[in-house]
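start_28.txt follows (compact mmCIF, C-alpha atoms):
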```txt
# COMPACT_ATOMS: atom_id res chain seq x y z
CA MET X 1 28.92 1.78 37.96
CA ALA X 2 25.66 2.78 36.31
CA ASN X 3 27.65 4.65 33.68
CA ASP X 4 29.76 1.65 32.75
CA PRO X 5 28.79 1.06 29.11
CA ILE X 6 29.80 -2.60 29.35
CA HIS X 7 27.53 -3.32 32.26
CA GLN X 8 24.54 -3.85 29.99
CA PHE X 9 26.19 -6.90 28.45
CA GLN X 10 26.80 -8.52 31.81
CA ILE X 11 25.31 -11.95 32.26
CA SER X 12 23.84 -12.68 35.64
CA LYS X 13 22.56 -16.04 36.78
CA LEU X 14 18.90 -16.13 37.65
CA ILE X 15 18.57 -19.87 38.29
CA PRO X 16 21.91 -21.64 38.68
CA ILE X 17 21.97 -24.97 36.88
CA GLU X 18 25.07 -27.10 36.57
CA ILE X 19 25.20 -30.32 34.56
CA GLY X 20 28.35 -32.40 34.27
CA GLY X 21 30.60 -29.62 35.47
CA LEU X 22 29.27 -27.18 32.87
CA ASP X 23 27.32 -24.11 33.79
CA PHE X 24 23.89 -24.22 32.15
CA SER X 25 22.35 -21.60 34.42
CA PHE X 26 19.20 -19.82 33.42
CA THR X 27 20.60 -16.31 33.04
CA ASN X 28 19.21 -12.91 32.13
CA SER X 29 20.29 -13.71 28.58
CA SER X 30 18.23 -16.91 28.66
CA ALA X 31 15.31 -14.96 30.06
CA PHE X 32 15.47 -12.52 27.16
CA MET X 33 15.75 -15.36 24.66
CA VAL X 34 12.55 -16.75 26.15
CA ALA X 35 11.01 -13.28 26.04
CA THR X 36 12.05 -12.83 22.40
CA VAL X 37 10.51 -16.14 21.44
CA ILE X 38 7.33 -15.49 23.39
CA VAL X 39 6.87 -11.97 22.05
CA ALA X 40 7.51 -12.99 18.46
CA SER X 41 5.37 -16.13 18.68
CA ALA X 42 2.55 -14.40 20.47
CA PHE X 43 2.52 -11.54 18.01
CA LEU X 44 2.48 -13.81 14.97
CA PHE X 45 -0.01 -16.18 16.57
CA LEU X 46 -2.48 -13.67 17.96
CA THR X 47 -2.51 -11.25 15.06
CA THR X 48 -3.34 -14.00 12.61
CA SER X 49 -5.87 -15.77 14.83
CA SER X 50 -8.87 -14.11 13.19
CA ARG X 51 -7.68 -15.28 9.77
CA GLY X 52 -9.29 -12.21 8.30
CA LEU X 53 -9.81 -12.14 4.58
CA VAL X 54 -9.36 -8.41 4.87
CA PRO X 55 -6.45 -8.16 7.32
CA SER X 56 -6.41 -5.91 10.34
CA ARG X 57 -3.37 -3.66 10.73
CA LEU X 58 -1.49 -6.05 12.96
CA GLN X 59 -2.43 -8.99 10.83
CA SER X 60 -0.98 -7.24 7.81
CA VAL X 61 2.26 -6.71 9.74
CA SER X 62 2.51 -10.48 10.18
CA GLU X 63 1.56 -11.07 6.57
CA MET X 64 4.03 -8.48 5.34
CA SER X 65 6.88 -10.03 7.30
CA TYR X 66 5.88 -13.41 5.87
CA GLU X 67 5.80 -12.15 2.30
CA PHE X 68 8.93 -10.04 2.81
CA VAL X 69 10.99 -13.06 3.87
CA ALA X 70 9.32 -15.28 1.29
CA SER X 71 10.12 -12.97 -1.60
CA MET X 72 13.65 -12.44 -0.28
CA LEU X 73 14.22 -16.19 -0.23
CA ARG X 74 12.55 -16.76 -3.59
CA ASP X 75 14.63 -14.03 -5.23
CA ALA X 76 17.89 -15.32 -3.81
CA ALA X 77 17.43 -19.08 -3.97
CA GLY X 78 14.56 -19.69 -6.36
CA SER X 79 11.38 -21.61 -5.59
CA GLN X 80 13.42 -24.64 -4.47
CA GLY X 81 14.72 -22.49 -1.66
CA MET X 82 11.23 -22.29 -0.17
CA ARG X 83 11.91 -25.53 1.72
CA PHE X 84 14.14 -23.43 3.98
CA PHE X 85 11.48 -20.82 4.50
CA PRO X 86 10.69 -21.78 8.12
CA LEU X 87 14.39 -21.58 8.99
CA VAL X 88 14.96 -18.21 7.35
CA PHE X 89 11.75 -16.77 8.74
CA SER X 90 12.59 -18.00 12.25
CA LEU X 91 16.07 -16.51 12.03
CA PHE X 92 14.77 -13.21 10.73
CA MET X 93 12.06 -12.90 13.36
CA PHE X 94 14.31 -14.06 16.18
CA VAL X 95 17.09 -11.63 15.33
CA LEU X 96 14.68 -8.79 14.63
CA VAL X 97 12.70 -9.18 17.84
CA ALA X 98 15.85 -9.74 19.92
CA ASN X 99 17.36 -6.56 18.44
CA LEU X 100 14.21 -4.55 19.05
CA ILE X 101 13.72 -5.79 22.61
CA GLY X 102 17.33 -4.89 23.31
CA LEU X 103 16.54 -1.25 22.50
CA PHE X 104 14.46 -0.85 25.64
CA PRO X 105 16.46 0.67 28.50
CA TYR X 106 17.64 -1.88 31.08
CA PHE X 107 16.80 -4.73 28.70
CA PHE X 108 19.39 -7.26 27.69
CA THR X 109 20.28 -7.64 24.03
CA VAL X 110 20.56 -11.31 23.17
CA THR X 111 22.25 -10.62 19.85
CA SER X 112 25.00 -8.54 21.46
CA HIS X 113 26.71 -11.77 22.47
CA LEU X 114 29.05 -13.22 19.92
CA ILE X 115 28.35 -16.80 20.94
CA VAL X 116 24.65 -16.38 20.19
CA THR X 117 25.14 -14.85 16.75
CA PHE X 118 27.91 -17.31 16.01
CA ALA X 119 25.64 -20.22 16.93
CA LEU X 120 22.97 -18.86 14.58
CA ALA X 121 25.56 -18.39 11.82
CA LEU X 122 26.85 -21.92 12.34
CA LEU X 123 23.28 -23.17 12.11
CA VAL X 124 23.01 -21.52 8.69
CA ILE X 125 26.38 -22.72 7.42
CA GLY X 126 25.77 -26.17 8.91
CA THR X 127 22.46 -26.34 7.06
CA VAL X 128 24.19 -25.27 3.84
CA ILE X 129 26.91 -27.90 4.19
CA VAL X 130 24.64 -30.76 5.28
CA TYR X 131 21.99 -30.06 2.67
CA GLY X 132 24.58 -29.38 -0.02
CA PHE X 133 26.26 -32.73 0.46
CA MET X 134 22.92 -34.52 0.86
CA LYS X 135 21.56 -33.16 -2.37
CA HIS X 136 24.64 -33.01 -4.59
CA GLY X 137 27.09 -35.41 -2.91
CA PHE X 138 30.60 -34.42 -3.83
CA GLY X 139 29.16 -32.27 -6.58
CA PHE X 140 28.69 -29.73 -3.82
CA LEU X 141 32.43 -29.15 -3.95
CA LYS X 142 31.93 -27.53 -7.37
CA LEU X 143 30.99 -24.53 -5.27
CA PHE X 144 34.70 -23.94 -4.79
CA VAL X 145 35.58 -24.19 -8.48
CA PRO X 146 33.91 -21.41 -10.45
CA HIS X 147 33.33 -21.88 -14.16
CA GLY X 148 35.62 -20.38 -16.75
CA VAL X 149 38.75 -20.12 -14.64
CA PRO X 150 42.00 -20.88 -16.52
CA GLY X 151 43.56 -24.15 -15.34
CA ILE X 152 46.62 -22.58 -13.85
CA LEU X 153 44.60 -20.31 -11.62
CA VAL X 154 42.31 -23.06 -10.29
CA PRO X 155 44.33 -23.86 -7.13
CA LEU X 156 44.53 -20.19 -6.23
CA VAL X 157 40.84 -19.59 -6.89
CA VAL X 158 39.87 -22.70 -4.96
CA LEU X 159 41.96 -21.53 -2.04
CA ILE X 160 40.27 -18.11 -2.12
CA GLU X 161 36.83 -19.68 -2.40
CA VAL X 162 37.49 -22.02 0.53
CA ILE X 163 38.72 -19.16 2.68
CA SER X 164 35.74 -17.04 1.74
CA PHE X 165 33.40 -19.93 2.52
CA LEU X 166 35.02 -20.52 5.90
CA SER X 167 34.91 -16.84 6.76
CA ARG X 168 31.18 -16.67 6.12
CA PRO X 169 30.01 -17.82 9.57
CA ILE X 170 32.51 -15.43 11.13
CA SER X 171 31.48 -12.42 9.07
CA LEU X 172 27.80 -13.28 9.45
CA SER X 173 28.01 -13.52 13.24
CA VAL X 174 30.49 -10.73 13.85
CA ARG X 175 28.52 -8.28 11.71
CA LEU X 176 25.39 -8.69 13.79
CA PHE X 177 27.20 -8.90 17.12
CA ALA X 178 29.42 -5.89 16.46
CA ASN X 179 26.56 -3.73 15.24
CA MET X 180 24.50 -4.47 18.30
CA LEU X 181 27.41 -4.10 20.69
CA ALA X 182 28.74 -0.87 19.20
CA GLY X 183 25.31 0.68 18.93
CA HIS X 184 24.44 -0.07 22.51
CA ILE X 185 27.77 1.13 23.83
CA THR X 186 27.45 4.39 21.87
CA LEU X 187 23.95 4.88 23.16
CA LYS X 188 25.04 4.20 26.70
CA VAL X 189 28.03 6.51 26.45
CA PHE X 190 25.97 9.42 25.13
CA ALA X 191 23.23 8.80 27.65
CA GLY X 192 25.94 8.68 30.32
CA PHE X 193 27.17 12.10 29.21
CA VAL X 194 23.73 13.51 29.84
CA THR X 195 23.64 12.42 33.46
CA SER X 196 27.29 13.19 34.25
CA LEU X 197 27.12 16.64 32.63
CA SER X 198 23.87 17.45 34.41
CA ALA X 199 25.66 16.85 37.69
CA PHE X 200 27.63 20.08 37.11
CA GLY X 201 24.79 22.48 37.62
CA ALA X 202 23.15 24.86 35.18
CA VAL X 203 26.03 25.03 32.70
CA GLY X 204 26.19 21.25 32.65
CA VAL X 205 22.45 20.94 32.07
CA VAL X 206 22.74 23.28 29.07
CA GLY X 207 25.79 21.35 27.89
CA SER X 208 23.94 18.07 28.19
CA ILE X 209 21.41 19.09 25.55
CA LEU X 210 23.72 18.03 22.76
CA PRO X 211 24.37 14.49 24.09
CA LEU X 212 20.67 14.19 24.85
CA PHE X 213 19.88 15.09 21.28
CA MET X 214 22.51 12.60 20.14
CA THR X 215 20.98 9.92 22.32
CA VAL X 216 17.59 10.47 20.71
CA ALA X 217 19.10 10.47 17.24
CA ILE X 218 21.14 7.35 17.91
CA THR X 219 18.08 5.60 19.30
CA GLY X 220 16.39 6.24 15.98
CA LEU X 221 19.45 4.99 14.18
CA GLU X 222 19.52 1.89 16.36
CA VAL X 223 15.92 1.05 15.41
CA LEU X 224 17.04 1.22 11.80
CA VAL X 225 20.11 -0.89 12.56
CA ALA X 226 17.96 -3.45 14.39
CA PHE X 227 15.84 -3.91 11.25
CA LEU X 228 18.74 -3.67 8.88
CA GLN X 229 20.87 -6.25 10.66
CA ALA X 230 18.00 -8.71 10.85
CA TYR X 231 17.43 -8.13 7.13
CA VAL X 232 21.12 -8.52 6.30
CA PHE X 233 21.32 -11.69 8.33
CA ALA X 234 18.30 -13.12 6.54
CA VAL X 235 19.47 -12.04 3.07
CA LEU X 236 22.91 -13.55 3.55
CA THR X 237 21.28 -16.72 4.86
CA CYS X 238 19.24 -16.86 1.67
CA MET X 239 22.33 -16.38 -0.49
CA TYR X 240 24.28 -19.08 1.33
CA LEU X 241 21.32 -21.43 1.03
CA ASN X 242 21.30 -20.71 -2.68
CA ASP X 243 24.84 -22.09 -2.79
CA ALA X 244 23.61 -25.29 -1.19
CA LEU X 245 20.85 -25.56 -3.80
CA HIS X 246 22.89 -24.53 -6.85
CA PRO X 247 26.57 -25.09 -6.08
CA GLY X 248 27.66 -24.76 -9.73
CA HIS X 249 26.99 -20.97 -9.59
CA MET Y 1 35.12 22.73 37.53
CA PHE Y 2 33.14 20.44 35.36
CA VAL Y 3 36.13 19.05 33.47
CA THR Y 4 37.55 17.52 36.60
CA PRO Y 5 37.41 13.82 35.58
CA GLY Y 6 39.13 14.45 32.28
CA TYR Y 7 41.67 16.71 33.91
CA ALA Y 8 42.39 14.11 36.52
CA GLU Y 9 43.10 11.52 33.88
CA GLU Y 10 45.49 13.85 32.13
CA VAL Y 11 47.22 14.65 35.36
CA ALA Y 12 47.65 11.01 36.31
CA PRO Y 13 50.56 10.17 33.94
CA ALA Y 14 52.40 13.28 35.06
CA ALA Y 15 52.08 12.20 38.68
CA GLY Y 16 54.43 9.30 38.13
CA GLU Y 17 54.84 5.95 36.42
CA ALA Y 18 54.19 3.86 39.53
CA HIS Y 19 50.96 5.63 40.28
CA THR Y 20 49.59 5.05 36.81
CA THR Y 21 50.37 1.35 36.94
CA ASP Y 22 48.63 1.13 40.27
CA ALA Y 23 45.63 2.91 38.86
CA THR Y 24 45.39 0.62 35.85
CA THR Y 25 45.77 -2.47 37.97
CA ALA Y 26 43.16 -1.21 40.33
CA HIS Y 27 40.87 -0.50 37.44
CA THR Y 28 41.37 -3.96 35.99
CA GLU Y 29 40.73 -5.46 39.36
CA THR Y 30 37.48 -3.62 39.82
CA GLY Y 31 36.55 -4.67 36.29
CA ALA Y 32 37.39 -8.23 37.17
CA GLU Y 33 35.29 -8.21 40.30
CA HIS Y 34 32.47 -6.60 38.44
CA GLY Y 35 32.62 -8.86 35.38
CA GLY Y 36 32.65 -12.08 37.38
CA GLY Y 37 34.85 -13.92 34.85
CA GLY Y 38 37.08 -10.89 34.57
CA LEU Y 39 36.48 -10.54 30.84
CA PHE Y 40 34.50 -8.47 28.45
CA PRO Y 41 31.16 -10.29 28.84
CA PRO Y 42 30.65 -11.36 25.19
CA PHE Y 43 34.10 -12.98 25.23
CA ASP Y 44 33.63 -14.70 28.57
CA THR Y 45 33.66 -18.39 27.68
CA SER Y 46 32.28 -19.45 31.03
CA ASN Y 47 28.78 -18.41 30.02
CA TYR Y 48 28.93 -20.07 26.58
CA PRO Y 49 27.42 -23.43 27.57
CA SER Y 50 24.44 -21.76 29.16
CA GLN Y 51 23.98 -19.38 26.23
CA LEU Y 52 24.18 -22.20 23.71
CA LEU Y 53 21.83 -24.46 25.62
CA TRP Y 54 19.17 -21.82 26.10
CA LEU Y 55 19.53 -20.56 22.57
CA ALA Y 56 19.07 -24.10 21.30
CA ILE Y 57 16.00 -24.60 23.49
CA THR Y 58 14.35 -21.26 22.76
CA PHE Y 59 15.23 -21.05 19.09
CA GLY Y 60 14.35 -24.70 18.58
CA LEU Y 61 10.92 -24.23 20.10
CA PHE Y 62 10.46 -21.01 18.14
CA TYR Y 63 11.37 -22.78 14.91
CA LEU Y 64 9.00 -25.66 15.59
CA PHE Y 65 6.17 -23.33 16.59
CA LEU Y 66 6.59 -21.19 13.49
CA LYS Y 67 7.01 -24.15 11.18
CA ASN Y 68 4.02 -26.07 12.47
CA VAL Y 69 1.58 -23.40 13.55
CA VAL Y 70 2.25 -19.87 12.38
CA LEU Y 71 3.60 -20.31 8.88
CA PRO Y 72 0.92 -22.77 7.70
CA ARG Y 73 -1.66 -20.40 9.10
CA VAL Y 74 -0.28 -17.26 7.46
CA GLY Y 75 0.34 -19.18 4.26
CA GLY Y 76 -3.24 -20.43 4.44
CA ILE Y 77 -4.61 -16.93 4.92
CA LEU Y 78 -2.64 -15.65 1.94
CA GLU Y 79 -3.66 -18.64 -0.16
CA VAL Y 80 -7.33 -18.21 0.68
CA ARG Y 81 -7.10 -14.53 -0.19
CA ARG Y 82 -5.33 -15.24 -3.46
CA ASP Y 83 -7.91 -17.89 -4.36
CA ARG Y 84 -10.73 -15.58 -3.41
CA ILE Y 85 -9.34 -12.74 -5.50
CA ALA Y 86 -8.72 -15.05 -8.43
CA GLY Y 87 -12.24 -16.45 -8.03
CA ASP Y 88 -13.73 -12.99 -7.92
CA LEU Y 89 -11.79 -11.96 -10.99
CA ASP Y 90 -12.95 -15.08 -12.80
CA GLN Y 91 -16.52 -14.37 -11.85
CA ALA Y 92 -16.17 -10.79 -13.00
CA ALA Y 93 -14.71 -11.95 -16.30
CA ARG Y 94 -17.53 -14.47 -16.71
CA MET Y 95 -20.14 -11.82 -15.98
CA LYS Y 96 -18.49 -9.47 -18.41
CA SER Y 97 -18.54 -12.08 -21.15
CA GLU Y 98 -22.20 -12.76 -20.37
CA ALA Y 99 -22.95 -9.08 -20.61
CA ASP Y 100 -21.05 -8.91 -23.88
CA ALA Y 101 -23.02 -11.86 -25.20
CA ALA Y 102 -26.26 -10.18 -24.16
CA VAL Y 103 -25.20 -6.98 -25.92
CA ALA Y 104 -24.30 -8.94 -29.04
CA ALA Y 105 -27.63 -10.78 -28.96
CA TYR Y 106 -29.47 -7.53 -28.49
CA GLU Y 107 -27.65 -5.93 -31.39
CA GLN Y 108 -28.32 -8.89 -33.62
CA GLU Y 109 -31.98 -8.81 -32.73
CA LEU Y 110 -32.03 -5.10 -33.39
CA ALA Y 111 -30.44 -5.61 -36.80
CA GLU Y 112 -32.91 -8.35 -37.62
CA ALA Y 113 -35.81 -6.20 -36.53
CA LYS Y 114 -34.50 -3.35 -38.68
CA ALA Y 115 -34.15 -5.65 -41.65
CA ARG Y 116 -37.65 -6.96 -41.09
CA ALA Y 117 -39.02 -3.46 -40.75
CA ASN Y 118 -37.27 -2.45 -43.96
CA ALA Y 119 -38.68 -5.48 -45.73
CA ILE Y 120 -42.18 -4.76 -44.48
CA GLY Y 121 -41.84 -1.14 -45.50
CA GLN Y 122 -40.53 -2.11 -48.90
CA LYS Y 123 -43.32 -4.59 -49.41
CA ALA Y 124 -45.94 -2.10 -48.33
CA SER Y 125 -44.57 0.59 -50.61
CA ASP Y 126 -44.33 -1.89 -53.51
CA GLU Y 127 -47.90 -2.98 -52.96
CA ALA Y 128 -49.04 0.60 -52.69
CA LYS Y 129 -47.16 1.45 -55.89
CA ALA Y 130 -48.62 -1.54 -57.70
CA GLU Y 131 -52.08 -0.68 -56.52
CA ALA Y 132 -51.67 2.92 -57.55
CA ALA Y 133 -50.38 1.84 -60.94
CA ALA Y 134 -53.31 -0.53 -61.39
CA LYS Y 135 -55.76 2.13 -60.39
CA ARG Y 136 -54.17 4.59 -62.72
CA LYS Y 137 -54.27 2.13 -65.54
CA GLU Y 138 -57.96 1.51 -64.84
CA VAL Y 139 -58.66 5.20 -64.71
CA GLU Y 140 -56.70 5.74 -67.91
CA ALA Y 141 -58.59 2.93 -69.58
CA GLY Y 142 -61.90 4.49 -68.49
CA LEU Y 143 -60.78 7.84 -69.75
CA ASP Y 144 -59.67 6.36 -73.07
CA GLN Y 145 -63.01 4.66 -73.42
CA LYS Y 146 -64.85 7.87 -72.65
CA LEU Y 147 -62.60 9.71 -75.07
CA THR Y 148 -63.28 7.30 -77.88
CA ALA Y 149 -67.00 7.38 -77.09
CA ALA Y 150 -66.92 11.14 -77.12
CA GLU Y 151 -64.92 11.15 -80.35
CA ALA Y 152 -67.45 8.77 -81.92
CA ARG Y 153 -70.29 10.95 -80.81
CA ILE Y 154 -68.54 14.01 -82.16
CA ALA Y 155 -67.99 12.18 -85.41
CA THR Y 156 -71.66 11.20 -85.74
CA ILE Y 157 -72.76 14.67 -84.78
CA LYS Y 158 -70.30 16.08 -87.28
CA ALA Y 159 -71.53 13.65 -89.93
CA ASN Y 160 -75.16 14.55 -89.20
CA ALA Y 161 -74.29 18.22 -89.25
CA MET Y 162 -72.47 17.79 -92.54
CA LYS Y 163 -75.44 15.88 -93.88
CA GLU Y 164 -77.76 18.62 -92.91
CA VAL Y 165 -75.52 21.36 -94.34
CA GLY Y 166 -76.71 20.49 -97.91
CA THR Y 167 -80.42 20.77 -97.15
CA ILE Y 168 -79.89 23.98 -95.17
CA ALA Y 169 -77.95 25.44 -98.12
CA GLU Y 170 -80.68 24.32 -100.53
CA ASP Y 171 -83.37 25.84 -98.28
CA THR Y 172 -81.35 28.98 -97.87
CA ALA Y 173 -80.71 29.23 -101.61
CA ALA Y 174 -84.45 28.69 -102.39
CA ALA Y 175 -85.37 31.32 -99.83
CA ILE Y 176 -82.82 33.77 -101.27
CA VAL Y 177 -84.02 33.08 -104.83
CA GLN Y 178 -87.62 33.48 -103.72
CA ALA Y 179 -86.75 36.75 -101.95
CA LEU Y 180 -85.05 38.01 -105.09
CA GLY Y 181 -88.36 37.48 -106.76
CA THR Y 182 -87.18 35.77 -109.81
CA GLY Y 183 -90.00 33.35 -109.68
CA LYS Y 184 -90.20 29.72 -108.82
CA VAL Y 185 -87.02 27.84 -109.19
CA ASP Y 186 -86.98 24.15 -109.51
CA LYS Y 187 -85.87 22.41 -106.34
CA ALA Y 188 -83.73 19.99 -108.27
CA ASP Y 189 -81.86 22.79 -109.96
CA ILE Y 190 -81.08 24.39 -106.62
CA ALA Y 191 -79.83 21.07 -105.22
CA ALA Y 192 -77.63 20.62 -108.22
CA ALA Y 193 -76.27 24.15 -107.87
CA VAL Y 194 -75.58 23.71 -104.19
CA LYS Y 195 -73.86 20.44 -104.87
CA ALA Y 196 -71.75 22.13 -107.53
CA ALA Y 197 -70.92 24.99 -105.15
CA GLY Y 198 -70.05 22.60 -102.31
CA LYS Y 199 -67.49 20.93 -104.45
```

Render the structure in this file as structure tokens.
Amino acid sequence: MANDPIHQFQISKLIPIEIGGLDFSFTNSSAFMVATVIVASAFLFLTTSSRGLVPSRLQSVSEMSYEFVASMLRDAAGSQGMRFFPLVFSLFMFVLVANLIGLFPYFFTVTSHLIVTFALALLVIGTVIVYGFMKHGFGFLKLFVPHGVPGILVPLVVLIEVISFLSRPISLSVRLFANMLAGHITLKVFAGFVTSLSAFGAVGVVGSILPLFMTVAITGLEVLVAFLQAYVFAVLTCMYLNDALHPGH
Amino acid sequence: MFVTPGYAEEVAPAAGEAHTTDATTAHTETGAEHGGGGLFPPFDTSNYPSQLLWLAITFGLFYLFLKNVVLPRVGGILEVRRDRIAGDLDQAARMKSEADAAVAAYEQELAEAKARANAIGQKASDEAKAEAAAKRKEVEAGLDQKLTAAEARIATIKANAMKEVGTIAEDTAAAIVQALGTGKVDKADIAAAVKAAGK
């Protein structure tokens, strides 16, 4: 049971809550969402509380993450895009901290659940659609008609553009979810090899060195993936928001 | 020995079709019991409402907290720092321009002082030259005067000497004649002879 690599994604109810026939229980997933938010908020809040002109190390981590996301958004969507800065920064920090917390053994990874990443992706695409129509009206639909396409190809191109637009929330959410899921399963499988091989005596212990080494290496890789996926999520968010701001390409 | 689990799995199909089916069913059943909903947890729709609700609550609060507290604060810190750096750079630039102005003023003063010193030197040397020239002229004038006086004196002395030459010659001639013993010679004759010889 302990070696079941899927077990770590199991949701268990901590406080059962049911409203209108739907299950809104406070689960371990909810608990780790709360933990993610508290850790991220507390870090950002406490490290910047001294408002040092010359930043301490931790304060510069907060400042660097701020400037990192700000320059990412400015590069992708221009200075107009800065109105979405709180959203992009929240997404980046939430995904990053959730990914990193999930790396601790026995901790639950919030972003390894498709519904969570899909909800975040829908939030992004929903923002793009709502803001795009608010700002440009039906001009937003120019997004689907690129410039300089010969008339006969327009229906085909529009079809492709619409499909690519609709697949964005799916690719955005599945990318993050699948990376987290696959990474954690791999880690669990290799770690499981270590314990099951060690059960076979001296030869097994020697044989378990390789999976142990792999586990260490993959843990390092997973730290990278945790950062990278948060970055990718944020960058793609910026690019989609750019479409809302400048639909004419 | 230690490949037993894998070996067992390989053996299972060989043991018979019915057995395998049983095993798979059993496995699925244990999975079902274990998974609660009987599905791979991320695809178990029964937990979606709870996930969505708590995500909305937590992420919503996170967003509001960041938007209203953290981001203005970090932005403020960065702004203050940028302003401070810009201010410091401005001040440095101002001080540099002041220093440059001071250097320029100093150099101008130096140039003026040099010019003044040159002028004073020039004037002094001119005055000294003029004075020397005047003095020389005075000295030369004095010398000229003395020269002319001396020349005049020489001329008078010469004239006197020349005047006396005649009488000396007459006296000498009379004395010579007397010494020759030719008797008394008239003084007038001697004078006439001297005059004739002097011509």

**OP:** Would you give me, as a PyMOL selection string, the residues of chain Y that come within 10 Å of chain X, using only C-alpha atoms?
**Re:** chain Y and resi 1-3+31+34-36+39-78+80-82+84

**OP:** Please indicate the distance in Å from CA of Arg116 in chain Y to CA of Glu98 in chain Y, rounded to one decimal place.
**Re:**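 Taking CA of Arg116 in chain Y as the start and CA of Glu98 in chain Y as the end point, the length is 26.5 Å.
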
Original post:
Which value, in Å to one decimal, gives the distance between CA of Glu131 in chain Y and CA of Ala117 in chain Y?
Top reply: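 Distance reported for this atom pair: 20.7 Å.
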
Original post:
So how far away is CA of Val165 in chain Y from CA of Ala196 in chain Y, in Å?
Top reply: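 Those two atoms sit 13.7 Å apart.
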
**OP:** Compile the contact shell of range 234-239 of chain X as JSON, numbers by chain: residues with an atom at most 8 Å away, counting all atoms listed in the file, same-chain residues fewer than 4 positions apart removed.
**Re:** {"X": [69, 72, 73, 76, 77, 81, 88, 89, 91, 92, 124, 172, 230, 243]}

Original post:
Which residues come within 8 Å of Leu187 in chain X, counting all atoms listed in the file, excluding same-chain residues fewer than 6 positions away, as a PyMOL selection string?
Top reply: chain X and resi 215+218-219

From the structure block, carefully write range 164-176 of chain Y out with N, CA and C atoms; format it as a short mmCIF file (atom, residue, chain, number, x, y, z; two decimals), in the first residue's frame.
```cif
data_model
loop_
_atom_site.label_atom_id
_atom_site.label_comp_id
_atom_site.auth_asym_id
_atom_site.auth_seq_id
_atom_site.Cartn_x
_atom_site.Cartn_y
_atom_site.Cartn_z
N GLU Y 164 103.94 130.20 -27.80
CA GLU Y 164 105.24 130.30 -27.14
C GLU Y 164 106.39 129.73 -27.99
N VAL Y 165 106.04 128.85 -28.93
CA VAL Y 165 107.07 128.23 -29.77
C VAL Y 165 107.96 129.30 -30.42
N GLY Y 166 107.37 130.40 -30.92
CA GLY Y 166 108.11 131.45 -31.62
C GLY Y 166 109.19 132.08 -30.72
N THR Y 167 108.72 132.49 -29.50
CA THR Y 167 109.65 133.15 -28.59
C THR Y 167 110.77 132.22 -28.20
N ILE Y 168 110.38 130.93 -27.91
CA ILE Y 168 111.41 129.95 -27.55
C ILE Y 168 112.44 129.84 -28.67
N ALA Y 169 111.95 129.75 -29.92
CA ALA Y 169 112.84 129.62 -31.07
C ALA Y 169 113.75 130.83 -31.18
N GLU Y 170 113.10 132.06 -30.93
CA GLU Y 170 113.91 133.28 -31.03
C GLU Y 170 114.99 133.25 -29.97
N ASP Y 171 114.55 132.86 -28.69
CA ASP Y 171 115.53 132.82 -27.60
C ASP Y 171 116.64 131.81 -27.91
N THR Y 172 116.20 130.65 -28.38
CA THR Y 172 117.15 129.62 -28.71
C THR Y 172 118.14 130.08 -29.78
N ALA Y 173 117.56 130.71 -30.83
CA ALA Y 173 118.40 131.20 -31.93
C ALA Y 173 119.41 132.24 -31.43
N ALA Y 174 118.94 133.19 -30.54
CA ALA Y 174 119.80 134.24 -30.02
C ALA Y 174 120.94 133.61 -29.21
N ALA Y 175 120.47 132.57 -28.38
CA ALA Y 175 121.49 131.91 -27.56
C ALA Y 175 122.53 131.20 -28.42
N ILE Y 176 122.06 130.51 -29.47
CA ILE Y 176 122.96 129.81 -30.39
C ILE Y 176 123.89 130.79 -31.05
#
```
